[in-house]
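Coordinates from upload09.txt are shown below (compact mmCIF, C-alpha atoms).
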# COMPACT_ATOMS: atom_id res chain seq x y z
CA MET A 27 -0.93 -0.13 5.63
CA GLY A 28 -0.89 3.65 5.39
CA THR A 29 1.37 5.80 7.52
CA ALA A 30 0.54 8.28 10.24
CA ALA A 31 1.69 11.09 7.98
CA GLU A 32 -0.35 9.97 4.96
CA GLU A 33 -3.71 9.04 6.51
CA THR A 34 -6.64 11.36 5.96
CA ALA A 35 -10.02 11.60 7.63
CA GLY A 36 -12.05 14.53 6.33
CA GLY A 37 -11.43 17.67 8.33
CA ASP A 38 -8.51 16.17 10.28
CA GLU A 39 -5.71 16.32 7.75
CA THR A 40 -2.98 17.35 10.18
CA PRO A 41 -3.61 15.60 13.52
CA TRP A 42 -0.07 16.11 14.76
CA ASP A 43 0.16 19.88 14.21
CA GLU A 44 0.29 20.47 17.94
CA VAL A 45 3.52 18.46 18.16
CA THR A 46 6.53 20.70 17.77
CA PRO A 47 9.30 21.06 16.72
CA GLU A 48 9.25 19.22 13.40
CA ALA A 49 11.75 16.61 14.61
CA ALA A 50 9.46 15.68 17.51
CA ARG A 51 6.54 15.34 15.10
CA ARG A 52 8.54 13.12 12.74
CA LEU A 53 9.51 10.87 15.63
CA LEU A 54 5.90 10.64 16.79
CA GLU A 55 4.68 9.71 13.31
CA ALA A 56 7.45 7.12 13.04
CA ALA A 57 6.44 5.68 16.41
CA VAL A 58 2.81 5.39 15.32
CA ASP A 59 3.84 3.43 12.23
CA ALA A 60 6.22 1.18 14.16
CA PHE A 61 3.78 0.46 17.01
CA ALA A 62 0.96 -0.28 14.56
CA GLU A 63 3.13 -2.63 12.50
CA ARG A 64 5.12 -4.43 15.18
CA GLY A 65 3.35 -3.69 18.45
CA TYR A 66 4.65 -1.51 21.26
CA HIS A 67 6.74 -4.14 23.03
CA ALA A 68 8.44 -5.41 19.87
CA THR A 69 9.42 -1.90 18.78
CA THR A 70 12.73 -0.39 19.89
CA THR A 71 13.76 3.24 20.08
CA ARG A 72 16.28 2.42 17.36
CA ASP A 73 13.40 1.28 15.11
CA ILE A 74 11.58 4.56 15.68
CA ALA A 75 14.62 6.76 15.14
CA GLY A 76 15.52 4.88 11.97
CA ARG A 77 12.05 5.37 10.50
CA ALA A 78 12.33 9.09 11.26
CA GLY A 79 15.77 9.28 9.62
CA MET A 80 17.47 10.14 12.90
CA SER A 81 19.95 8.62 15.29
CA PRO A 82 18.71 6.96 18.51
CA ALA A 83 20.42 9.73 20.47
CA ALA A 84 18.31 12.32 18.66
CA LEU A 85 15.12 10.66 19.90
CA TYR A 86 16.05 11.23 23.53
CA ILE A 87 16.33 14.97 22.95
CA HIS A 88 12.56 15.07 22.45
CA TYR A 89 11.24 12.02 24.36
CA LYS A 90 12.78 10.57 27.50
CA THR A 91 11.37 7.09 26.93
CA LYS A 92 9.49 5.00 24.39
CA GLU A 93 6.55 5.03 26.78
CA GLU A 94 6.47 8.82 26.73
CA LEU A 95 5.98 8.64 22.97
CA LEU A 96 3.11 6.19 23.37
CA HIS A 97 1.49 8.39 26.01
CA ARG A 98 1.68 11.45 23.75
CA ILE A 99 0.13 9.53 20.86
CA SER A 100 -2.58 8.04 23.04
CA ARG A 101 -3.48 11.34 24.67
CA ILE A 102 -3.76 13.21 21.37
CA GLY A 103 -5.93 10.44 19.93
CA HIS A 104 -8.23 10.20 22.93
CA VAL A 105 -8.66 13.96 23.16
CA LYS A 106 -9.69 13.93 19.49
CA ALA A 107 -12.17 11.12 20.14
CA LEU A 108 -13.64 13.02 23.08
CA GLU A 109 -13.92 16.18 20.98
CA ILE A 110 -15.87 14.26 18.32
CA LEU A 111 -18.28 12.60 20.75
CA GLU A 112 -18.91 15.53 23.08
CA GLY A 113 -19.42 17.76 20.07
CA ALA A 114 -22.08 15.39 18.76
CA ALA A 115 -23.75 15.06 22.16
CA GLY A 116 -24.09 18.83 22.45
CA ALA A 117 -25.20 19.45 18.88
CA PRO A 118 -28.76 20.51 17.99
CA GLY A 119 -31.23 17.95 16.69
CA THR A 120 -32.99 14.82 17.84
CA ALA A 121 -31.23 12.09 19.77
CA ALA A 122 -31.28 9.93 16.64
CA GLU A 123 -29.65 12.68 14.59
CA ARG A 124 -27.01 13.27 17.25
CA LEU A 125 -26.26 9.57 17.72
CA ALA A 126 -25.95 9.08 13.96
CA GLY A 127 -23.65 12.10 13.76
CA ALA A 128 -21.49 10.82 16.60
CA VAL A 129 -21.13 7.37 15.07
CA ARG A 130 -20.55 8.74 11.57
CA SER A 131 -17.72 11.02 12.71
CA PHE A 132 -16.20 8.55 15.16
CA VAL A 133 -16.11 5.75 12.59
CA ARG A 134 -14.78 8.05 9.90
CA TRP A 135 -11.90 9.00 12.18
CA HIS A 136 -11.09 5.36 12.99
CA ALA A 137 -11.17 4.40 9.31
CA GLY A 138 -9.37 7.45 7.96
CA ARG A 139 -6.76 7.27 10.73
CA TYR A 140 -6.70 3.51 11.09
CA THR A 141 -2.95 3.22 11.69
CA THR A 142 -3.07 5.84 14.43
CA ALA A 143 -6.32 4.45 15.85
CA ARG A 144 -4.86 0.96 16.23
CA VAL A 145 -2.15 2.36 18.48
CA VAL A 146 -4.45 4.74 20.35
CA GLN A 147 -7.08 2.10 21.09
CA TYR A 148 -5.13 -1.13 21.50
CA GLU A 149 -1.84 -0.30 23.25
CA LEU A 150 -3.40 1.09 26.42
CA ASP A 151 -1.98 -1.63 28.66
CA ALA A 152 1.59 -0.64 27.75
CA LEU A 153 1.23 2.73 29.49
CA ARG A 154 2.56 3.41 32.98
CA PRO A 155 -0.20 3.33 35.63
CA GLU A 156 -0.46 7.12 36.00
CA HIS A 157 -0.62 7.59 32.22
CA ARG A 158 -3.10 4.77 31.84
CA ASP A 159 -5.32 6.34 34.50
CA GLU A 160 -5.30 9.62 32.58
CA ILE A 161 -6.35 7.92 29.35
CA VAL A 162 -9.00 5.82 31.10
CA ALA A 163 -10.50 9.05 32.44
CA LEU A 164 -10.73 10.41 28.89
CA ARG A 165 -12.36 7.17 27.73
CA ARG A 166 -14.93 7.42 30.50
CA ARG A 167 -15.84 10.91 29.35
CA SER A 168 -16.28 9.59 25.80
CA ASP A 169 -18.48 6.81 27.17
CA ALA A 170 -20.53 9.38 29.08
CA ALA A 171 -21.11 11.47 25.94
CA VAL A 172 -22.56 8.52 24.03
CA ARG A 173 -24.54 7.32 27.04
CA ARG A 174 -26.06 10.80 27.39
CA ILE A 175 -27.35 10.72 23.82
CA ILE A 176 -28.85 7.27 24.27
CA GLU A 177 -30.46 8.18 27.60
CA GLU A 178 -32.01 11.28 26.05
CA GLY A 179 -33.29 9.19 23.15
CA VAL A 180 -34.92 6.73 25.54
CA ALA A 181 -36.48 9.55 27.57
CA ALA A 182 -37.87 11.14 24.39
CA GLY A 183 -39.31 7.84 23.19
CA GLU A 184 -36.97 7.75 20.19
CA PHE A 185 -35.00 4.70 21.32
CA ASP A 186 -35.94 1.32 22.77
CA VAL A 187 -32.91 0.39 24.87
CA PRO A 188 -33.40 -1.82 27.96
CA ASP A 189 -29.70 -1.65 28.94
CA VAL A 190 -28.22 1.80 28.27
CA PRO A 191 -24.72 1.15 29.76
CA GLY A 192 -24.34 -2.13 27.88
CA THR A 193 -25.58 -0.60 24.64
CA THR A 194 -23.16 2.31 25.04
CA VAL A 195 -20.25 -0.11 25.31
CA ALA A 196 -21.52 -2.01 22.26
CA VAL A 197 -21.80 1.16 20.16
CA LEU A 198 -18.31 2.35 21.05
CA SER A 199 -16.79 -1.11 20.54
CA LEU A 200 -18.41 -1.38 17.11
CA CYS A 201 -16.95 1.98 16.06
CA ILE A 202 -13.48 1.39 17.49
CA ASP A 203 -13.13 -2.04 15.89
CA VAL A 204 -13.17 -0.42 12.43
CA ALA A 205 -9.48 0.37 12.98
CA ARG A 206 -8.72 -3.37 13.11
CA TRP A 207 -10.01 -4.23 9.64
CA PHE A 208 -10.20 -1.05 7.58
CA ASN A 209 -8.00 -1.03 4.48
CA VAL A 210 -7.65 1.87 2.05
CA LYS A 211 -7.69 -0.71 -0.77
CA GLY A 212 -11.10 -1.96 0.30
CA ARG A 213 -14.34 -1.18 -1.48
CA ARG A 214 -15.62 1.40 1.03
CA THR A 215 -14.28 4.84 1.89
CA PRO A 216 -14.17 6.16 5.48
CA ASP A 217 -17.27 8.24 4.74
CA GLU A 218 -19.14 5.22 3.41
CA VAL A 219 -18.22 3.11 6.44
CA GLY A 220 -19.38 5.94 8.68
CA GLU A 221 -22.76 6.05 6.96
CA LEU A 222 -23.11 2.27 7.15
CA TYR A 223 -22.34 2.16 10.86
CA ALA A 224 -24.62 5.10 11.66
CA GLY A 225 -27.49 3.14 10.15
CA LEU A 226 -26.52 -0.03 12.02
CA VAL A 227 -26.41 1.78 15.35
CA LEU A 228 -29.78 3.45 14.83
CA ARG A 229 -31.28 0.03 14.20
CA MET A 230 -29.47 -1.27 17.29
CA VAL A 231 -31.22 1.29 19.50
CA GLY A 232 -34.59 0.79 17.81
CA ALA A 233 -34.73 4.28 16.29
CA ALA A 234 -36.07 3.20 12.91
CA ARG A 235 -38.67 0.89 14.49
CA ASN A 236 -39.97 3.60 16.81
CA ARG A 237 -40.12 6.11 13.96
CA ASP A 238 -42.08 3.70 11.78
CA GLN A 239 -44.53 3.01 14.61
CA ALA A 240 -45.06 6.73 15.19
CA GLU A 241 -45.67 7.39 11.51
CA SER A 242 -48.21 4.57 11.28
CA ALA A 243 -50.15 5.65 14.39
CA PRO A 244 -53.71 7.00 13.92
CA GLY A 245 -53.72 10.60 12.79
CA GLN A 246 -50.15 10.39 11.43
CA LYS A 247 -49.30 10.65 7.76

Could I get this structure in the form of structure tokens?
Amino acid sequence: MGTAAEETAGGDETPWDEVTPEAARRLLEAAVDAFAERGYHATTTRDIAGRAGMSPAALYIHYKTKEELLHRISRIGHVKALEILEGAAGAPGTAAERLAGAVRSFVRWHAGRYTTARVVQYELDALRPEHRDEIVALRRRSDAAVRRIIEEGVAAGEFDVPDVPGTTVAVLSLCIDVARWFNVKGRRTPDEVGELYAGLVLRMVGAARNRDQAESAPGQK
């Protein structure tokens, strides 16, 4: 497994830059690695401090609780996800182009930042209710961005999707699950996985089928 400090995902080389001072950033990166490896509940503040080369007392200077660390990690990750998806939804181009771009970028982030993504996506239930509500609200906005693209594709005749909400959940679940299995020693790079999944999702919404039918219609070349 890579570490939070070492992972790369084209264009997002320093995801923790907003975390200052340096000691707070080191502790956050150590927490990501520990939570991803052992799970939130099995990780102690001593584990995190040790990975960061600090004493447990030093951790409490920057974070009051272990849960505060998880919340900071989760919020940064979900804001990044929302930025990717809303950016794609508002980009120029056809619905198919925008959906492919959204999936490509979202998957690339989950593969390139797989250690971080595992914590961001799968430790939600460990958050305090008020923090969980905040993150759920961000997730709903991400869901809305993808749903908007699909709805616009259906309205334009680009997509054949009988159940837009269900398909939206399926698309996001497919992308997020990359973080569970991706391995830097595997045969595909994050970019290659992104391209693969973009194609899979376009077939899922019937984009290729509708395009082929349009091209074969009378008067079309």

Next on the checklist: Need to verify the contact set: Arg64 in chain A, 12 Å, only C-alpha atoms, exclusion of same-chain residues closer than 4 positions in sequence. Can you return it as a ChimeraX atom specification?
Outcome noted: /A:56-60,68-70,73-74,141,144-145,149

Could the residues in this selection be saved with C-alpha atoms as a CSV table (one decimal), in the frame of the given file?
chain,number,residue,atom,x,y,z
A,56,ALA,CA,7.4,7.1,13.0
A,57,ALA,CA,6.4,5.7,16.4
A,58,VAL,CA,2.8,5.4,15.3
A,59,ASP,CA,3.8,3.4,12.2
A,60,ALA,CA,6.2,1.2,14.2
A,68,ALA,CA,8.4,-5.4,19.9
A,69,THR,CA,9.4,-1.9,18.8
A,70,THR,CA,12.7,-0.4,19.9
A,73,ASP,CA,13.4,1.3,15.1
A,74,ILE,CA,11.6,4.6,15.7
A,141,THR,CA,-3.0,3.2,11.7
A,144,ARG,CA,-4.9,1.0,16.2
A,145,VAL,CA,-2.2,2.4,18.5
A,149,GLU,CA,-1.8,-0.3,23.2

Checklist entry - So which one's closest to Asp43 in chain A, A:Lys90, A:Thr71, A:Ile102, A:Ala78? Using only C-alpha atoms, please. => result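 Closest to Asp43 in chain A, using only C-alpha atoms: A:Ile102.
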
Next on the checklist: Can you tell me which residues surround range 214-226 of chain A at a distance of at most 7 Å, considering all atoms listed in the file, apart from same-chain residues fewer than 6 positions away, and format the answer as a ChimeraX atom specification?
Outcome noted: /A:126,129-131,133-134,137-138

Checklist entry - CA of Ala171 in chain A and CA of Glu112 in chain A are how many Å apart? => result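 If I compute the distance from CA of Ala171 in chain A to CA of Glu112 in chain A, I get 5.4 Å.
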
Next on the checklist: I'd like the neighbourhood of range 157-162 of chain A as a list of chain:residue names, where a residue qualifies if any of its atoms comes within 8 Å (using all atoms listed in the file), though same-chain residues fewer than 2 positions away should be ignored.
Outcome noted: A:His97, A:Ser100, A:Arg101, A:His104, A:Leu150, A:Asp151, A:Leu153, A:Arg154, A:Pro155, A:Leu164, A:Arg165, A:Arg166

Checklist entry - What gap, in Å, lies between CA of Lys106 in chain A and CA of Ala196 in chain A? => result 20.0 Å

Item to check | Nearest-residue call for Glu177 in chain A, choices A:Leu200, A:Ala152, A:Val227, A:Ala115, using all atoms listed in the file | outcome: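 Distance minimum relative to Glu177 in chain A lands on A:Ala115.
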
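In this model, the gap between CA of Ala205 in chain A and CA of Ala62 in chain A comes to 10.6 Å.
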
Item to check | Nearest candidate to Leu85 in chain A (options A:Glu156, A:Ala233, A:Phe132, A:Leu54; using all atoms listed in the file) | outcome: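 Between A:Glu156, A:Ala233, A:Phe132, A:Leu54, the residue approaching Leu85 in chain A most closely is A:Leu54.
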
Next on the checklist: Show me, as a list in words, the residues that have an atom within 12 Å of Gly116 in chain A when counting all atoms listed in the file, minus same-chain residues fewer than 2 positions from it.
Outcome noted: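 That gives Leu108, Glu109, Ile110, Leu111, Glu112, Gly113, Ala114, Pro118, Gly119, Thr120, Ala121, Glu123, Arg124, Leu125, Gly127, Ala128, Ala171, Val172, Arg174, Ile175 and Glu178 of chain A.
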
Edge lengths and centre, in Å to one decimal, as JSON: that's what I need for the box along x, y and z that holds all listed atoms of range 176-192 of chain A plus 4 Å on each side.
{"center_x": -31.8, "center_y": 4.6, "center_z": 25.0, "size_x": 23.0, "size_y": 21.4, "size_z": 17.6}

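Nearest residue to Asp169 in chain A among A:Val204, A:Ala122, A:Met230, A:Val195 is A:Val195, counting all atoms listed in the file.
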